[in-house]
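So this block is upload.cif, mmCIF, C-alpha atoms, pLDDT in the B column; chains and numbers go by the auth columns:
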```cif
data_protein
#
loop_
_atom_site.group_PDB
_atom_site.id
_atom_site.type_symbol
_atom_site.label_atom_id
_atom_site.label_comp_id
_atom_site.label_asym_id
_atom_site.label_seq_id
_atom_site.Cartn_x
_atom_site.Cartn_y
_atom_site.Cartn_z
_atom_site.B_iso_or_equiv
_atom_site.auth_seq_id
_atom_site.auth_asym_id
ATOM 1 C CA MET A 1 146.842 67.082 96.935 70.00 1 P
ATOM 2 C CA ALA A 2 146.777 70.817 97.361 80.00 2 P
ATOM 3 C CA LEU A 3 145.014 72.743 100.116 80.00 3 P
ATOM 4 C CA LEU A 4 144.442 76.463 100.415 81.00 4 P
ATOM 5 C CA ILE A 5 142.976 77.922 103.598 80.00 5 P
ATOM 6 C CA THR A 6 141.022 81.164 103.165 80.00 6 P
ATOM 7 C CA PRO A 7 138.648 83.153 105.389 78.00 7 P
ATOM 8 C CA GLY A 8 135.211 81.561 105.632 75.00 8 P
ATOM 9 C CA GLN A 9 133.382 84.187 103.596 77.00 9 P
ATOM 10 C CA TRP A 10 135.639 83.811 100.537 82.00 10 P
ATOM 11 C CA GLY A 11 134.359 81.768 97.602 82.00 11 P
ATOM 12 C CA ASP A 12 136.298 78.783 96.345 81.00 12 P
ATOM 13 C CA ALA A 13 136.063 79.556 92.608 85.00 13 P
ATOM 14 C CA PRO A 14 138.358 82.648 92.730 88.00 14 P
ATOM 15 C CA GLN A 15 140.988 80.480 94.451 90.00 15 P
ATOM 16 C CA MET A 16 141.180 77.916 91.638 91.00 16 P
ATOM 17 C CA VAL A 17 144.341 79.358 90.073 93.00 17 P
ATOM 18 C CA GLU A 18 146.178 79.470 93.402 92.00 18 P
ATOM 19 C CA VAL A 19 145.216 75.864 94.215 90.00 19 P
ATOM 20 C CA LEU A 20 146.309 74.601 90.797 92.00 20 P
ATOM 21 C CA ASP A 21 149.631 76.426 91.197 93.00 21 P
ATOM 22 C CA ARG A 22 150.269 74.455 94.408 92.00 22 P
ATOM 23 C CA ILE A 23 149.859 71.024 92.801 90.00 23 P
ATOM 24 C CA ARG A 24 153.039 68.940 92.744 91.00 24 P
ATOM 25 C CA VAL A 25 152.776 65.304 91.609 88.00 25 P
ATOM 26 C CA PRO A 26 156.038 63.384 92.044 90.00 26 P
ATOM 27 C CA ARG A 27 157.184 61.272 89.117 91.00 27 P
ATOM 28 C CA PRO A 28 157.700 57.557 89.804 91.00 28 P
ATOM 29 C CA LEU A 29 161.217 57.493 88.358 91.00 29 P
ATOM 30 C CA GLY A 30 162.332 60.795 89.867 88.00 30 P
ATOM 31 C CA GLY A 31 162.794 64.113 88.200 92.00 31 P
ATOM 32 C CA ARG A 32 160.866 67.345 88.324 93.00 32 P
ATOM 33 C CA PRO A 33 157.328 66.896 89.700 93.00 33 P
ATOM 34 C CA ARG A 34 154.325 67.407 87.445 90.00 34 P
ATOM 35 C CA THR A 35 152.533 70.691 87.999 91.00 35 P
ATOM 36 C CA ARG A 36 149.768 70.368 85.423 90.00 36 P
ATOM 37 C CA PRO A 37 146.758 68.089 85.932 89.00 37 P
ATOM 38 C CA ASP A 38 145.353 66.119 83.007 89.00 38 P
ATOM 39 C CA HIS A 39 141.830 67.417 83.495 89.00 39 P
ATOM 40 C CA VAL A 40 139.902 69.826 85.756 89.00 40 P
ATOM 41 C CA SER A 41 136.182 69.618 86.509 87.00 41 P
ATOM 42 C CA GLY A 42 134.141 72.287 88.226 86.00 42 P
ATOM 43 C CA ASP A 43 130.640 73.634 88.555 86.00 43 P
ATOM 44 C CA LYS A 44 129.232 76.802 86.985 87.00 44 P
ATOM 45 C CA ALA A 45 130.860 79.014 89.613 87.00 45 P
ATOM 46 C CA TYR A 46 134.295 78.173 88.133 89.00 46 P
ATOM 47 C CA SER A 47 133.266 79.452 84.694 88.00 47 P
ATOM 48 C CA SER A 48 134.897 82.860 85.028 87.00 48 P
ATOM 49 C CA ARG A 49 136.901 84.357 82.187 86.00 49 P
ATOM 50 C CA ARG A 50 140.017 84.368 84.389 91.00 50 P
ATOM 51 C CA ASN A 51 139.782 80.633 85.177 92.00 51 P
ATOM 52 C CA ARG A 52 139.110 79.616 81.577 89.00 52 P
ATOM 53 C CA ARG A 53 141.960 81.797 80.297 91.00 53 P
ATOM 54 C CA TYR A 54 144.343 80.233 82.855 94.00 54 P
ATOM 55 C CA LEU A 55 143.330 76.697 81.850 93.00 55 P
ATOM 56 C CA ARG A 56 143.715 77.477 78.138 91.00 56 P
ATOM 57 C CA ARG A 57 147.119 79.079 78.666 94.00 57 P
ATOM 58 C CA ARG A 58 148.376 76.023 80.593 94.00 58 P
ATOM 59 C CA HIS A 59 146.804 73.570 78.075 93.00 59 P
ATOM 60 C CA ILE A 60 144.680 71.930 80.777 92.00 60 P
ATOM 61 C CA ARG A 61 141.526 70.260 79.522 90.00 61 P
ATOM 62 C CA HIS A 62 138.463 71.077 81.587 90.00 62 P
ATOM 63 C CA THR A 63 134.803 70.293 82.064 89.00 63 P
ATOM 64 C CA ILE A 64 133.087 73.415 83.372 88.00 64 P
ATOM 65 C CA PRO A 65 129.504 74.154 82.291 88.00 65 P
ATOM 66 C CA GLU A 66 128.752 77.576 80.891 87.00 66 P
ATOM 67 C CA PRO A 67 126.063 79.502 82.819 87.00 67 P
ATOM 68 C CA LYS A 68 122.996 80.598 80.858 88.00 68 P
ATOM 69 C CA ASP A 69 123.863 84.295 81.039 86.00 69 P
ATOM 70 C CA GLN A 70 127.390 83.732 79.677 85.00 70 P
ATOM 71 C CA ARG A 71 125.989 81.514 76.927 84.00 71 P
ATOM 72 C CA ALA A 72 123.418 84.171 75.993 88.00 72 P
ATOM 73 C CA ASN A 73 126.075 86.916 75.950 85.00 73 P
ATOM 74 C CA ARG A 74 128.309 84.807 73.727 83.00 74 P
ATOM 75 C CA ARG A 75 125.450 84.146 71.304 85.00 75 P
ATOM 76 C CA ARG A 76 124.418 87.802 71.322 87.00 76 P
ATOM 77 C CA ARG A 77 127.927 88.838 70.261 86.00 77 P
ATOM 78 C CA GLY A 78 127.668 86.533 67.258 84.00 78 P
ATOM 79 C CA ARG A 79 130.894 85.623 65.513 81.00 79 P
ATOM 80 C CA GLU A 80 132.982 87.708 67.958 81.00 80 P
ATOM 81 C CA GLY A 81 131.518 85.719 70.867 77.00 81 P
ATOM 82 C CA GLY A 82 133.706 82.738 70.091 75.00 82 P
ATOM 83 C CA ARG A 83 133.014 79.046 70.125 75.00 83 P
ATOM 84 C CA PRO A 84 130.997 77.359 72.857 74.00 84 P
ATOM 85 C CA ALA A 85 133.081 75.768 75.577 75.00 85 P
ATOM 86 C CA GLY A 86 133.475 72.009 75.224 75.00 86 P
ATOM 87 C CA PHE A 87 131.506 70.021 77.762 80.00 87 P
ATOM 88 C CA ASP A 88 131.749 66.318 78.622 83.00 88 P
ATOM 89 C CA ARG A 89 128.549 65.325 80.421 84.00 89 P
ATOM 90 C CA ASP A 90 129.952 61.971 81.649 87.00 90 P
ATOM 91 C CA ARG A 91 132.990 63.607 83.252 87.00 91 P
ATOM 92 C CA TYR A 92 130.812 66.260 84.840 86.00 92 P
ATOM 93 C CA ARG A 93 128.739 63.584 86.567 86.00 93 P
ATOM 94 C CA ARG A 94 131.866 62.404 88.391 86.00 94 P
ATOM 95 C CA ARG A 95 132.390 65.871 89.907 83.00 95 P
ATOM 96 C CA ASN A 96 130.171 64.935 92.847 83.00 96 P
ATOM 97 C CA GLU A 97 132.952 62.628 94.104 84.00 97 P
ATOM 98 C CA VAL A 98 134.911 65.724 95.103 81.00 98 P
ATOM 99 C CA GLU A 99 131.870 67.227 96.821 83.00 99 P
ATOM 100 C CA ARG A 100 131.300 64.001 98.755 87.00 100 P
ATOM 101 C CA THR A 101 134.960 63.892 99.808 85.00 101 P
ATOM 102 C CA ILE A 102 134.758 67.449 101.142 84.00 102 P
ATOM 103 C CA ASN A 103 131.645 66.487 103.082 89.00 103 P
ATOM 104 C CA ARG A 104 133.492 63.479 104.521 90.00 104 P
ATOM 105 C CA LEU A 105 136.288 65.821 105.589 88.00 105 P
ATOM 106 C CA LYS A 106 133.700 67.927 107.384 88.00 106 P
ATOM 107 C CA ASN A 107 132.634 64.847 109.374 89.00 107 P
ATOM 108 C CA SER A 108 135.723 65.579 111.422 87.00 108 P
ATOM 109 C CA ARG A 109 134.505 67.969 114.105 88.00 109 P
ATOM 110 C CA ALA A 110 137.713 69.996 114.129 86.00 110 P
ATOM 111 C CA VAL A 111 137.443 70.626 110.386 86.00 111 P
ATOM 112 C CA ALA A 112 133.731 71.444 110.413 85.00 112 P
ATOM 113 C CA THR A 113 133.847 73.924 113.311 84.00 113 P
ATOM 114 C CA ARG A 114 137.309 75.466 112.843 82.00 114 P
ATOM 115 C CA TYR A 115 138.059 76.373 116.424 82.00 115 P
ATOM 116 C CA ASP A 116 141.729 76.876 115.542 83.00 116 P
ATOM 117 C CA LYS A 117 142.839 80.470 115.784 83.00 117 P
ATOM 118 C CA ARG A 118 145.770 80.288 113.368 87.00 118 P
ATOM 119 C CA ALA A 119 145.450 79.342 109.709 85.00 119 P
ATOM 120 C CA TYR A 120 148.556 77.125 109.736 87.00 120 P
ATOM 121 C CA VAL A 121 147.121 75.064 112.611 90.00 121 P
ATOM 122 C CA PHE A 122 143.839 74.616 110.741 89.00 122 P
ATOM 123 C CA HIS A 123 145.792 73.679 107.602 88.00 123 P
ATOM 124 C CA GLY A 124 147.464 70.910 109.602 90.00 124 P
ATOM 125 C CA THR A 125 144.093 69.769 110.958 90.00 125 P
ATOM 126 C CA VAL A 126 142.652 69.507 107.438 89.00 126 P
ATOM 127 C CA ALA A 127 145.774 67.682 106.222 89.00 127 P
ATOM 128 C CA VAL A 128 145.523 65.131 109.044 91.00 128 P
ATOM 129 C CA ALA A 129 141.813 64.610 108.336 91.00 129 P
ATOM 130 C CA ALA A 130 142.602 64.102 104.634 90.00 130 P
ATOM 131 C CA VAL A 131 145.316 61.552 105.437 91.00 131 P
ATOM 132 C CA ARG A 132 142.874 59.691 107.700 92.00 132 P
ATOM 133 C CA LEU A 133 140.341 59.551 104.870 90.00 133 P
ATOM 134 C CA TRP A 134 143.007 58.364 102.466 88.00 134 P
ATOM 135 C CA LEU A 135 144.145 55.590 104.824 92.00 135 P
ATOM 136 C CA ARG A 136 140.569 54.397 105.373 88.00 136 P
ATOM 137 C CA SER A 137 139.896 53.984 101.671 79.00 137 P
#
```

How would this structure read if it were set down as structure tokens?
Amino acid sequence: MALLITPGQWGDAPQMVEVLDRIRVPRPLGGRPRTRPDHVSGDKAYSSRRNRRYLRRRHIRHTIPEPKDQRANRRRRGREGGRPAGFDRDRYRRRNEVERTINRLKNSRAVATRYDKRAYVFHGTVAVAAVRLWLRS
């Protein structure tokens, strides 16, 4: 699990690269932890050129729909526009599990209201709420 605390007015899509860089999955038999997920799913907001380039460079498969304007621009450019992005509709339907988990995190009053003055304190609050959710499931 990786968490990144940002000011409230910042969007989450521009932070995708930083969050993925923080992922560390320990290996069961020891050794260097994995830093690359098998697959990433996101909504249309994550469809930026920067995010797609990062995922391609790291060989991470992804399911991110292409917004209509990007699709139209790609088609308008013809052959130079490139291939359409692959899209797995069944995987995309499972994306709502993440949204529901975030909403369950916000059921914790301290997470939803963010009364904490310091970011590191709020980070700890979110981590404790996430552990509580994990233990309940």

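Note that atom CA of Tyr120 of chain P and atom CA of Leu135 of chain P are 22.5 Å apart.
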
Convert the output of the PyMOL selection byres ((chain P and resi 16) around 10) on the shown file into explicit residues, formatted as a compact mmCIF listing (two decimals) with C-alpha atoms, keeping the file's coordinate frame.
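Output file result.txt follows:
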```txt
# COMPACT_ATOMS: atom_id res chain seq x y z
CA LEU P 4 144.44 76.46 100.42
CA GLY P 11 134.36 81.77 97.60
CA ASP P 12 136.30 78.78 96.34
CA ALA P 13 136.06 79.56 92.61
CA PRO P 14 138.36 82.65 92.73
CA GLN P 15 140.99 80.48 94.45
CA VAL P 17 144.34 79.36 90.07
CA GLU P 18 146.18 79.47 93.40
CA VAL P 19 145.22 75.86 94.22
CA LEU P 20 146.31 74.60 90.80
CA ASP P 21 149.63 76.43 91.20
CA GLY P 42 134.14 72.29 88.23
CA TYR P 46 134.29 78.17 88.13
CA ARG P 50 140.02 84.37 84.39
CA ASN P 51 139.78 80.63 85.18
CA TYR P 54 144.34 80.23 82.86
```

Atom CA of Ala130 of chain P and atom CA of Ala110 of chain P are how many Å apart?
12.2 Å

For Arg36 of chain P, which of P:Ala129, P:Glu66, P:Arg52, P:Ile60 is the closest residue, counting only C-alpha atoms?
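Of all the options, P:Ile60 lies closest to Arg36 of chain P.
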
Quick one: distance from atom CA of Arg58 of chain P to atom CA of Arg74 of chain P in Å, one decimal?
23.0 Å

Can you pull out the residues contacting Leu105 of chain P? Cut-off 12 Å, using all atoms listed in the file, and skip same-chain residues under 4 positions away; I want them as a list of chain:residue names.
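Non-adjacent residues within range: P:Val98, P:Glu99, P:Arg100, P:Thr101, P:Arg109, P:Ala110, P:Val111, P:Ala112, P:Thr113, P:Thr125, P:Val126, P:Ala127, P:Val128, P:Ala129, P:Ala130, P:Val131, P:Arg132, P:Leu133, P:Trp134.
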
Output for the residues just chosen: C-alpha atoms as an mmCIF file, in the frame of the given file:
```cif
data_model
loop_
_atom_site.group_PDB
_atom_site.id
_atom_site.type_symbol
_atom_site.label_atom_id
_atom_site.label_comp_id
_atom_site.auth_asym_id
_atom_site.auth_seq_id
_atom_site.Cartn_x
_atom_site.Cartn_y
_atom_site.Cartn_z
ATOM 1 C CA VAL P 98 134.911 65.724 95.103
ATOM 2 C CA GLU P 99 131.870 67.227 96.821
ATOM 3 C CA ARG P 100 131.300 64.001 98.755
ATOM 4 C CA THR P 101 134.960 63.892 99.808
ATOM 5 C CA ARG P 109 134.505 67.969 114.105
ATOM 6 C CA ALA P 110 137.713 69.996 114.129
ATOM 7 C CA VAL P 111 137.443 70.626 110.386
ATOM 8 C CA ALA P 112 133.731 71.444 110.413
ATOM 9 C CA THR P 113 133.847 73.924 113.311
ATOM 10 C CA THR P 125 144.093 69.769 110.958
ATOM 11 C CA VAL P 126 142.652 69.507 107.438
ATOM 12 C CA ALA P 127 145.774 67.682 106.222
ATOM 13 C CA VAL P 128 145.523 65.131 109.044
ATOM 14 C CA ALA P 129 141.813 64.610 108.336
ATOM 15 C CA ALA P 130 142.602 64.102 104.634
ATOM 16 C CA VAL P 131 145.316 61.552 105.437
ATOM 17 C CA ARG P 132 142.874 59.691 107.700
ATOM 18 C CA LEU P 133 140.341 59.551 104.870
ATOM 19 C CA TRP P 134 143.007 58.364 102.466
#
```

Specify as a ChimeraX atom specification each residue included when the PyMOL selection byres ((chain P and resi 35) around 10) is applied to this file.
/P:20-26,32-34,36-38

Could you please take those selected residues and save C-alpha atoms as a PDB file, in the frame of the given file?
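That gives us result_34.pdb:
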```pdb
ATOM      1  CA  LEU P  20     146.309  74.601  90.797  1.00 92.00           C
ATOM      2  CA  ASP P  21     149.631  76.426  91.197  1.00 93.00           C
ATOM      3  CA  ARG P  22     150.269  74.455  94.408  1.00 92.00           C
ATOM      4  CA  ILE P  23     149.859  71.024  92.801  1.00 90.00           C
ATOM      5  CA  ARG P  24     153.039  68.940  92.744  1.00 91.00           C
ATOM      6  CA  VAL P  25     152.776  65.304  91.609  1.00 88.00           C
ATOM      7  CA  PRO P  26     156.038  63.384  92.044  1.00 90.00           C
ATOM      8  CA  ARG P  32     160.866  67.345  88.324  1.00 93.00           C
ATOM      9  CA  PRO P  33     157.328  66.896  89.700  1.00 93.00           C
ATOM     10  CA  ARG P  34     154.325  67.407  87.445  1.00 90.00           C
ATOM     11  CA  ARG P  36     149.768  70.368  85.423  1.00 90.00           C
ATOM     12  CA  PRO P  37     146.758  68.089  85.932  1.00 89.00           C
ATOM     13  CA  ASP P  38     145.353  66.119  83.007  1.00 89.00           C
TER      14      ASP P  38
END
```

Name the residues in contact with segment 78-89 of chain P at a cut-off of 9 Å, using all atoms listed in the file, excluding same-chain residues fewer than 2 positions from it; report them as a PDB file with C-alpha atoms, keeping the file's coordinate frame.
```pdb
ATOM      1  CA  HIS P  62     138.463  71.077  81.587  1.00 90.00           C
ATOM      2  CA  THR P  63     134.803  70.293  82.064  1.00 89.00           C
ATOM      3  CA  ILE P  64     133.087  73.415  83.372  1.00 88.00           C
ATOM      4  CA  PRO P  65     129.504  74.154  82.291  1.00 88.00           C
ATOM      5  CA  GLU P  66     128.752  77.576  80.891  1.00 87.00           C
ATOM      6  CA  ARG P  71     125.989  81.514  76.927  1.00 84.00           C
ATOM      7  CA  ASN P  73     126.075  86.916  75.950  1.00 85.00           C
ATOM      8  CA  ARG P  74     128.309  84.807  73.727  1.00 83.00           C
ATOM      9  CA  ARG P  75     125.450  84.146  71.304  1.00 85.00           C
ATOM     10  CA  ARG P  76     124.418  87.802  71.322  1.00 87.00           C
ATOM     11  CA  ARG P  91     132.990  63.607  83.252  1.00 87.00           C
ATOM     12  CA  TYR P  92     130.812  66.260  84.840  1.00 86.00           C
ATOM     13  CA  ARG P  93     128.739  63.584  86.567  1.00 86.00           C
TER      14      ARG P  93
END
```
